[in-house]
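Worksheet: one structure, shown below.
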Amino acid sequence: MESLLIGSFHRPSIPVAAEFSPLKTSSHAIVRVLKCKAWKRPKKHYSTSMKLQRQYITQEHVGGSDLSTIAADKKLKRRFLVHASSEHPLESQPSKSPWDSVHDAVDAFYRFSRPHTIIGTALSIISVSLLAVEKFSDFSPLFFTGVLEAIVAALFMNIYIVGLNQLSDIEIDKVNKPYLPLASGEYSVQTGVIVVSSFAILSFWLGWIVGSWPLFWALFISFVLGTAYSINLPLLRWKRFAVVAAMCIFAVRAVIVQIAFYLHIQTYVYRRPAVLSRPLIFATAFMSFFSVVIALFKDIPDIVGDKIFGIQSFTVRLGQERVFWICIGLLEMAYLVAIVVGAASSNTWSKYFTILGHAALALLLWTRAKSVDFRSKAAITSFYMFIWKLFYAEYLLIPLVR
């Protein structure tokens with residue numbers, strides 16, 4: 001890597017001391033000194049993340065355009081030069097304002113919390129809770145309090161799960177997701193441990209004081225599966241095994257979220273007997289398809305890092321394009337089933353909303369899928385986030401299924 005990086009600069013023909021003489025105190029001389037310091041930087045200062053980023057850029061742009069490769073290399077060189085010069089500052093840097101520090105802290109935590117999963121968790125709980133509503137008078141302060149308690153406790157557990165996954169995947173994320181706080185170095189490992197431990201404790205504390213057993217068991221099972229999925233201990237770190245990893249996500253997103261949070265409202269808030277209604281069965285079945293798709297698709301953009309670190313995901317074993325079209329097929333099948341369920345509904349307005357809504361989403365999915373460029377990680381990642389938007393849209397339609 002050092003030869004690739006340094007070889008692209010022109011070496012000076014005179015010693016450094018000669019260049020930085022009293023007669024040459026201009027900014028041009030300072031820049032030249034910084035360049036020399038970058039050339040002479042010892043190998044031990046090359047971080048693991050720099051090597052992985054260089055390897056990632058090389059593999060990412062294979063088969064791509066030469067211009068994109070050159071642009072990526074230039075960006076890496078600029079980052080290295082700035083880092084090299086920052087170790088020997090020639091003048092003091094301005095300190096950050098309190099507002100900048102707060103902004104940076106909020107931004108880092110925002111990325112650490114994986115906001116697309118936060119939105120998905122909140123929407124799913126609201127949507128499933130609405131399935132327990134039978135009449136307008138059910139919209140009481142007790143209902144809204146129960147929903148809020150469930151959302152807050154679940155979001156705390158969500159942050160624990162995604163945070164633990166980042167703690168276990170720091171080296172992988174330096175390749176796949178270098179913008180995450182632990183991978184980028186914004187968070188230390190100690191900070192990450194404190195954050196995830198705090199949110200796990202807060203989640204269990206809230207679930208316990210609320211006193212709802214469906215809520216508490218939803219948190220506990222999510223904690224167990226989320227820990228077993230990520231943590232690197234004997235017999236654990238189930239994410240290494242494609243089928244087991246998919247089953248973890250399926251269990252949480254498809255089963256626990258639908259049934260446990262529905263029962264939280266039905267039995268704890270409304271004090272009604274536990275009944276598995278037709279809309280709840282539909283929601284559980286449909287989200288079974290969606291959870292499998294998310295479990296498969298999330299690894300498609302991460303194939304480079306997963307290969308390097310031996311994560312045997314379906315994408316690594318079968319290839320990006322094949323897994324992509326398996327996901328599209330599963331989702332289109334789920335939309336077709338939803339249309340059939342809507343057509344069989346005896347409720348006129350529910351029938352139209354269910355049929356038209358799912359038909360529109362199916363068409364949108366197919367149209368977008370045909371335009372994906374598999375050579376571009378950015379395009380695949382963008383489509384993965386589009387899958388999450390379809391996930392959100394489904395939870396808007398589920399309460400209308402009657």
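Residues in the structure tokens are named by chain (A, B, ... in the order shown) and by number from 1 within that chain; ligands are numbered from 1 in the order shown.
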
If you count only C-alpha atoms, which residues fall within 9 Å of segment 295-304 of chain A, apart from same-chain ones fewer than 3 positions away, as JSON, numbers by chain?
-> {"A": [56, 59, 60, 172, 173, 175, 176, 177, 242, 245, 246, 247, 248, 249, 250, 290, 291, 292, 307, 308, 309, 311, 313, 314, 315, 316, 319, 320, 321, 323, 324, 326, 327, 377, 378, 380, 381, 384, 387]}

Using backbone DSSP assignments, extract all helix (DSSP H, G or I) residues from segment 135-378 of chain A; output them as a PyMOL selection string.
-> chain A and resi 136-138+141-168+170-176+181-184+189-210+213-230+238-240+242-269+278-297+303-308+314-318+320-343+348-369+377-378

Residues within 8 Å of Ser203 of chain A, only C-alpha atoms, excluding chain neighbours under 5 positions, as a list in words |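 Counting only C-alpha atoms, the residues come to Val152, Ala153, Ala154, Leu155, Phe156, Met157 and Leu219 of chain A.
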
Near-Met287 of chain A list (10 Å; only C-alpha atoms; drop same-chain fewer than 4 positions) as a list in words =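 Non-adjacent residues within range: Phe250, Arg253, Ala254, Val255, Val257, Gln258, Ile281, Phe282, Ala283, Ser291, Val292, Val293, Leu331, Ala334, Phe391, Glu394 and Tyr395 of chain A.
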
Which residue gives the smallest distance to Lys389 of chain A among A:Thr348, A:Asp138, A:Ile294, A:Trp238, with only C-alpha atoms counted?
->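 When distances to Lys389 of chain A are compared using only C-alpha atoms, the smallest one comes from A:Ile294.
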
Find the residues near Phe204 of chain A: any atom within 10 Å, counting only C-alpha atoms, skip ones fewer than 3 places away on the same chain, and give them as a list in words.
->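 What passes the distance filter is Ala153, Ala154, Phe156, Met157, Phe199, Ala200, Ile201, Gly207, Trp208, Ile209, Val210, Leu215, Phe216, Trp217, Leu219, Phe220 and Phe223 of chain A.
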
File of the preceding selection, all heavy atoms, as a CSV table (one decimal), in the first residue's frame:
chain,number,residue,atom,x,y,z
A,153,ALA,N,-39.5,1.5,25.4
A,153,ALA,CA,-38.8,0.4,25.8
A,153,ALA,C,-38.1,-0.4,24.7
A,153,ALA,O,-37.0,-0.9,24.7
A,153,ALA,CB,-39.7,-0.6,26.6
A,154,ALA,N,-38.9,-0.5,23.6
A,154,ALA,CA,-38.4,-1.2,22.4
A,154,ALA,C,-37.3,-0.5,21.7
A,154,ALA,O,-36.3,-1.1,21.2
A,154,ALA,CB,-39.5,-1.5,21.4
A,156,PHE,N,-35.1,1.5,23.2
A,156,PHE,CA,-33.9,1.3,24.0
A,156,PHE,C,-33.3,-0.1,23.7
A,156,PHE,O,-32.0,-0.2,23.5
A,156,PHE,CB,-34.3,1.4,25.5
A,156,PHE,CG,-34.6,2.7,26.0
A,156,PHE,CD1,-35.2,2.9,27.2
A,156,PHE,CD2,-34.2,3.9,25.3
A,156,PHE,CE1,-35.5,4.2,27.7
A,156,PHE,CE2,-34.5,5.1,25.8
A,156,PHE,CZ,-35.1,5.3,27.0
A,157,MET,N,-34.1,-1.1,23.6
A,157,MET,CA,-33.6,-2.4,23.2
A,157,MET,C,-33.0,-2.4,21.8
A,157,MET,O,-32.0,-3.1,21.6
A,157,MET,CB,-34.6,-3.5,23.4
A,157,MET,CG,-34.1,-4.9,23.2
A,157,MET,SD,-32.8,-5.3,24.3
A,157,MET,CE,-33.6,-5.3,25.9
A,199,PHE,N,-28.4,1.3,27.6
A,199,PHE,CA,-29.7,1.2,27.0
A,199,PHE,C,-30.4,-0.1,27.3
A,199,PHE,O,-31.6,-0.2,27.3
A,199,PHE,CB,-29.6,1.5,25.5
A,199,PHE,CG,-29.6,2.9,25.1
A,199,PHE,CD1,-28.4,3.6,24.9
A,199,PHE,CD2,-30.8,3.6,25.0
A,199,PHE,CE1,-28.4,5.0,24.6
A,199,PHE,CE2,-30.8,5.0,24.7
A,199,PHE,CZ,-29.6,5.7,24.5
A,200,ALA,N,-29.6,-1.2,27.4
A,200,ALA,CA,-30.2,-2.5,27.8
A,200,ALA,C,-30.8,-2.4,29.2
A,200,ALA,O,-31.9,-2.9,29.4
A,200,ALA,CB,-29.1,-3.6,27.7
A,201,ILE,N,-30.1,-1.8,30.1
A,201,ILE,CA,-30.6,-1.6,31.5
A,201,ILE,C,-31.9,-0.8,31.5
A,201,ILE,O,-32.9,-1.1,32.1
A,201,ILE,CB,-29.5,-1.0,32.4
A,201,ILE,CG1,-28.3,-2.0,32.6
A,201,ILE,CG2,-30.1,-0.7,33.7
A,201,ILE,CD1,-27.1,-1.4,33.2
A,207,GLY,N,-39.5,-1.9,31.0
A,207,GLY,CA,-40.4,-3.0,30.9
A,207,GLY,C,-40.9,-3.6,32.2
A,207,GLY,O,-42.0,-4.0,32.3
A,208,TRP,N,-40.0,-3.6,33.2
A,208,TRP,CA,-40.4,-4.1,34.5
A,208,TRP,C,-41.3,-3.2,35.2
A,208,TRP,O,-42.3,-3.7,35.8
A,208,TRP,CB,-39.1,-4.3,35.3
A,208,TRP,CG,-39.4,-4.9,36.7
A,208,TRP,CD1,-39.5,-4.3,37.9
A,208,TRP,CD2,-39.6,-6.3,37.0
A,208,TRP,NE1,-39.7,-5.1,38.9
A,208,TRP,CE2,-39.9,-6.4,38.4
A,208,TRP,CE3,-39.7,-7.5,36.2
A,208,TRP,CZ2,-40.1,-7.6,39.0
A,208,TRP,CZ3,-40.0,-8.7,36.8
A,208,TRP,CH2,-40.2,-8.7,38.2
A,209,ILE,N,-41.1,-1.9,35.2
A,209,ILE,CA,-42.0,-1.0,36.0
A,209,ILE,C,-43.3,-0.9,35.3
A,209,ILE,O,-44.3,-0.6,36.0
A,209,ILE,CB,-41.3,0.4,36.3
A,209,ILE,CG1,-41.1,1.1,34.9
A,209,ILE,CG2,-40.0,0.2,37.0
A,209,ILE,CD1,-40.7,2.6,35.1
A,210,VAL,N,-43.4,-1.0,34.0
A,210,VAL,CA,-44.7,-1.0,33.4
A,210,VAL,C,-45.6,-2.1,33.8
A,210,VAL,O,-46.8,-2.0,34.1
A,210,VAL,CB,-44.5,-1.0,31.8
A,210,VAL,CG1,-45.9,-1.3,31.1
A,210,VAL,CG2,-43.9,0.3,31.3
A,215,LEU,N,-45.0,-7.3,27.0
A,215,LEU,CA,-43.9,-6.3,26.7
A,215,LEU,C,-42.6,-6.8,27.3
A,215,LEU,O,-41.5,-6.7,26.6
A,215,LEU,CB,-44.2,-4.9,27.3
A,215,LEU,CG,-43.2,-3.9,27.2
A,215,LEU,CD1,-42.8,-3.6,25.8
A,215,LEU,CD2,-43.6,-2.6,27.9
A,216,PHE,N,-42.5,-7.3,28.5
A,216,PHE,CA,-41.3,-7.7,29.1
A,216,PHE,C,-40.7,-8.9,28.4
A,216,PHE,O,-39.5,-8.9,28.1
A,216,PHE,CB,-41.5,-8.1,30.6
A,216,PHE,CG,-40.2,-8.4,31.3
A,216,PHE,CD1,-39.4,-7.4,31.8
A,216,PHE,CD2,-39.8,-9.8,31.4
A,216,PHE,CE1,-38.2,-7.8,32.5
A,216,PHE,CE2,-38.6,-10.1,32.0
A,216,PHE,CZ,-37.8,-9.1,32.6
A,217,TRP,N,-41.5,-9.9,28.0
A,217,TRP,CA,-41.0,-11.0,27.3
A,217,TRP,C,-40.5,-10.7,25.9
A,217,TRP,O,-39.6,-11.3,25.3
A,217,TRP,CB,-42.1,-12.1,27.2
A,217,TRP,CG,-42.1,-12.9,28.5
A,217,TRP,CD1,-43.1,-12.9,29.4
A,217,TRP,CD2,-41.1,-13.8,29.0
A,217,TRP,NE1,-42.8,-13.7,30.5
A,217,TRP,CE2,-41.6,-14.3,30.3
A,217,TRP,CE3,-39.9,-14.2,28.5
A,217,TRP,CZ2,-40.9,-15.2,31.0
A,217,TRP,CZ3,-39.2,-15.1,29.3
A,217,TRP,CH2,-39.7,-15.6,30.5
A,219,LEU,N,-39.1,-7.8,25.1
A,219,LEU,CA,-37.8,-7.3,25.3
A,219,LEU,C,-36.7,-8.3,25.6
A,219,LEU,O,-35.6,-8.3,25.1
A,219,LEU,CB,-37.8,-6.2,26.5
A,219,LEU,CG,-38.8,-5.0,26.3
A,219,LEU,CD1,-38.8,-4.2,27.5
A,219,LEU,CD2,-38.3,-4.2,25.1
A,220,PHE,N,-37.1,-9.3,26.5
A,220,PHE,CA,-36.2,-10.3,26.9
A,220,PHE,C,-35.8,-11.2,25.7
A,220,PHE,O,-34.6,-11.5,25.5
A,220,PHE,CB,-36.8,-11.2,28.0
A,220,PHE,CG,-35.9,-12.3,28.5
A,220,PHE,CD1,-34.8,-12.0,29.3
A,220,PHE,CD2,-36.1,-13.6,28.1
A,220,PHE,CE1,-33.9,-13.0,29.7
A,220,PHE,CE2,-35.2,-14.6,28.5
A,220,PHE,CZ,-34.2,-14.3,29.3
A,223,PHE,N,-33.5,-9.3,23.4
A,223,PHE,CA,-32.2,-9.2,24.0
A,223,PHE,C,-31.4,-10.5,23.8
A,223,PHE,O,-30.2,-10.5,23.4
A,223,PHE,CB,-32.3,-8.9,25.5
A,223,PHE,CG,-31.1,-9.0,26.3
A,223,PHE,CD1,-30.2,-7.9,26.3
A,223,PHE,CD2,-30.7,-10.1,26.9
A,223,PHE,CE1,-29.0,-7.9,27.0
A,223,PHE,CE2,-29.5,-10.2,27.6
A,223,PHE,CZ,-28.6,-9.1,27.7

Near segment 119-123 of chain A, within 8 Å and counting only C-alpha atoms, which residues show up once chain neighbours fewer than 2 positions away are dropped, as a PyMOL selection string?
-> chain A and resi 115-117+125-127+151+154-155+158+388+391-392+395-396

Generate a file of the selected residues that holds N, CA and C atoms, formatted as a PDB file, in the first residue's frame.
ATOM      1  N   PRO A 115     -30.752   4.755  12.364  1.00  0.00           N
ATOM      2  CA  PRO A 115     -32.106   5.341  12.393  1.00  0.00           C
ATOM      3  C   PRO A 115     -33.148   4.601  11.569  1.00  0.00           C
ATOM      4  N   HIS A 116     -32.740   3.917  10.484  1.00  0.00           N
ATOM      5  CA  HIS A 116     -33.754   3.207   9.701  1.00  0.00           C
ATOM      6  C   HIS A 116     -34.386   2.073  10.510  1.00  0.00           C
ATOM      7  N   THR A 117     -33.619   1.465  11.420  1.00  0.00           N
ATOM      8  CA  THR A 117     -34.209   0.433  12.280  1.00  0.00           C
ATOM      9  C   THR A 117     -35.065   1.049  13.373  1.00  0.00           C
ATOM     10  N   ILE A 125     -44.714  -1.004  15.968  1.00  0.00           N
ATOM     11  CA  ILE A 125     -45.446  -1.064  17.237  1.00  0.00           C
ATOM     12  C   ILE A 125     -46.744  -0.266  17.148  1.00  0.00           C
ATOM     13  N   ILE A 126     -46.684   0.918  16.542  1.00  0.00           N
ATOM     14  CA  ILE A 126     -47.909   1.718  16.377  1.00  0.00           C
ATOM     15  C   ILE A 126     -48.922   0.977  15.519  1.00  0.00           C
ATOM     16  N   SER A 127     -48.458   0.408  14.407  1.00  0.00           N
ATOM     17  CA  SER A 127     -49.345  -0.277  13.480  1.00  0.00           C
ATOM     18  C   SER A 127     -50.012  -1.489  14.127  1.00  0.00           C
ATOM     19  N   ILE A 151     -43.111   1.674  22.822  1.00  0.00           N
ATOM     20  CA  ILE A 151     -42.174   2.239  21.848  1.00  0.00           C
ATOM     21  C   ILE A 151     -40.849   2.592  22.514  1.00  0.00           C
ATOM     22  N   ALA A 154     -38.897  -0.515  23.570  1.00  0.00           N
ATOM     23  CA  ALA A 154     -38.398  -1.243  22.394  1.00  0.00           C
ATOM     24  C   ALA A 154     -37.264  -0.483  21.705  1.00  0.00           C
ATOM     25  N   LEU A 155     -37.345   0.837  21.667  1.00  0.00           N
ATOM     26  CA  LEU A 155     -36.270   1.618  21.041  1.00  0.00           C
ATOM     27  C   LEU A 155     -34.977   1.517  21.856  1.00  0.00           C
ATOM     28  N   ASN A 158     -33.624  -1.718  20.905  1.00  0.00           N
ATOM     29  CA  ASN A 158     -33.134  -1.636  19.521  1.00  0.00           C
ATOM     30  C   ASN A 158     -31.728  -1.055  19.483  1.00  0.00           C
ATOM     31  N   TRP A 388     -36.447  -0.762   2.976  1.00  0.00           N
ATOM     32  CA  TRP A 388     -36.930  -0.308   4.278  1.00  0.00           C
ATOM     33  C   TRP A 388     -38.105   0.657   4.127  1.00  0.00           C
ATOM     34  N   PHE A 391     -41.020  -1.355   3.713  1.00  0.00           N
ATOM     35  CA  PHE A 391     -41.318  -1.902   5.042  1.00  0.00           C
ATOM     36  C   PHE A 391     -42.177  -0.921   5.836  1.00  0.00           C
ATOM     37  N   TYR A 392     -41.779   0.361   5.807  1.00  0.00           N
ATOM     38  CA  TYR A 392     -42.566   1.388   6.498  1.00  0.00           C
ATOM     39  C   TYR A 392     -43.968   1.494   5.886  1.00  0.00           C
ATOM     40  N   TYR A 395     -46.500  -1.097   7.024  1.00  0.00           N
ATOM     41  CA  TYR A 395     -47.075  -0.871   8.349  1.00  0.00           C
ATOM     42  C   TYR A 395     -48.121   0.240   8.348  1.00  0.00           C
ATOM     43  N   LEU A 396     -48.129   1.051   7.313  1.00  0.00           N
ATOM     44  CA  LEU A 396     -49.220   2.019   7.145  1.00  0.00           C
ATOM     45  C   LEU A 396     -50.478   1.337   6.615  1.00  0.00           C
TER      46      LEU A 396
END

For atom CA of Leu225 of chain A and atom CA of Phe143 of chain A, the interatomic separation in Å (one decimal) = 28.5 Å

Which residue gives the smallest distance to Gly146 of chain A among A:Ala260, A:Val243, A:Val269, A:Ala251, with only C-alpha atoms counted?
-> A:Val269

Between A:Trp213, A:Pro279, A:Asn165, A:Gly185, which has the minimum distance to Gly226 of chain A (counting only C-alpha atoms)?
->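 That would be A:Asn165, the residue with the smallest distance to Gly226 of chain A.
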
Find the residues around Arg278 of chain A up to 12 Å (only C-alpha atoms counted), leave out those fewer than 2 positions away in its own chain, and share them as a list in words.
-> Leu131, Ala132, Val275, Leu276, Leu280, Ile281, Phe282, Ala283, Thr284, Ala285, Val341, Gly342, Ala344, Ser345, Ile398, Pro399, Leu400, Val401 and Arg402 of chain A
